[in-house]
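Asks: Quick one: structure below, then a few questions.
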Amino acid sequence: MADTAPPLPREKRRQRADEPAPPEARTAAAPHRLTLGQRIKRDRVMLLLTLPGLLYFVVFHYVPLLGYVVAFQDYQPYLGYMHSVWVGFANFSSAFGEPAFWSATFNTLEIALIQLVFFFPIPVALALLLNSIASDHIRRFVQSVVYLPHFIGWVIIVSIFQQILGGAGLLPDVLGGLGLPRYDMMSDPDAFPWLLTLQVAWKDAGWGTIIILAALLNIDRQSYEAAAIDGAGPRRRLWHVTLPGIAPVLILLLILNLGQILSVGFEQILLQRDAVGPDAGEVLDTYVYYHGIKDNDWGVAAAVGLVKAVIGTVLVLGANKFAHRLGHEGVYRGADR
């Protein structure tokens, strides 16, 4: 009988170590890359859930961008986009050559910087105070109270401030009763940026705490316990645990606020512009309104709007890049992260 070698073990029978794998084995070992159609089929439920939000941004944000062609035309509504005269950068030159434009720009930046410095920390501090309340019932009651002004229109809010700080309001009456000069803050041009900041703080401080409170809930409680065991008091726990825990959210909100730095509340300012005069009350949004709607200067209004959009985009991208340099994620991840 012929001498036969003993059978190889099952692992060795599959493939010897010094033999190359057959093509079919190499194909099976390689990761299977799904096609676009397969990925769409796999994630169809999630895509359907995001469809309403996507349609909203396409219809109300991306499609209107086509209207910026007006910035380069002598636009006439009865002629339309196709037949209006193309003027190039003449509308930009006209806007940049007007002193009213630069006055509105200065007022916009002044109001935006004051609100960024003095209003931005208020929701953070309020959220930290709400988070420190031990009783859930008291916390929910306080939250409901501070959320309420957000749902009140600017017409009503301006009327309330007029009744309190206006010439015939409560504060001038109290000052007059004490023998002091009556002071009308609603018509004081120097106090106008601070008045706007006060109104925004009263209206939206509570609403701004929602995102901060959500970020506070994501902080690991064990970090507080470990810090307390190490002897850290409330202030050190706030500085070394709480603030680093919500830092990514604060940076995100700060970057988004920088993108809106040239938009400081059209309706709020329009209602009070005449009381302080255009020199102090004109901002870029009202400048666009009066030039585009009142004076029918559509090209200049569109040019100013385009400048605002470009500056906001540059600020967001620049601030996001700076956040990446500091090791934070920012609005979106970098390509190398």
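We name chains A, B, ... following the order of the structure tokens; residues begin at 1 in each chain, and ligands are numbered from 1 as shown.
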Which residues are near Pro244 (chain A)? Cut-off 12 Å, only C-alpha atoms, ignore same chain within fewer than 4 positions. Put them as a ChimeraX atom specification.
Replies: /A:215-216,218-220,223,236-240,248-251,328
Asks: Excluding Asp184 (chain A) and any residue of its chain fewer than 3 positions from it, enumerate the residues within 6 Å of it, using only C-alpha atoms, and give them as a PDB file with N, CA and C atoms, in the first residue's frame.
Replies:
ATOM      1  N   GLY A 166     -39.937 105.803  29.550  1.00  0.00           N
ATOM      2  CA  GLY A 166     -40.256 106.904  28.655  1.00  0.00           C
ATOM      3  C   GLY A 166     -40.467 108.221  29.386  1.00  0.00           C
ATOM      4  N   GLY A 167     -40.688 109.286  28.601  1.00  0.00           N
ATOM      5  CA  GLY A 167     -40.828 110.624  29.186  1.00  0.00           C
ATOM      6  C   GLY A 167     -41.963 110.729  30.175  1.00  0.00           C
ATOM      7  N   SER A 187     -35.472 108.265  24.627  1.00  0.00           N
ATOM      8  CA  SER A 187     -35.108 109.226  23.572  1.00  0.00           C
ATOM      9  C   SER A 187     -33.686 109.745  23.720  1.00  0.00           C
TER      10      SER A 187
END
Asks: Fewer than 6 positions away in the same chain doesn't count, so skip those; otherwise give me all residues within 7 Å of His150 (chain A), counting only C-alpha atoms, as number ranges by chain.
Replies: A: 203-204, 207
Asks: Assign secondary structure with DSSP using the backbone only, and return the residues of region 67-152 of chain A in strand (DSSP E or B) as a ChimeraX atom specification.
Replies: /A:73-74,85-86
Asks: Tell me which of A:Gly97, A:Gly265, A:Gly67, A:Pro77 sits closest to Val283 (chain A), counting only C-alpha atoms.
Replies: A:Gly265
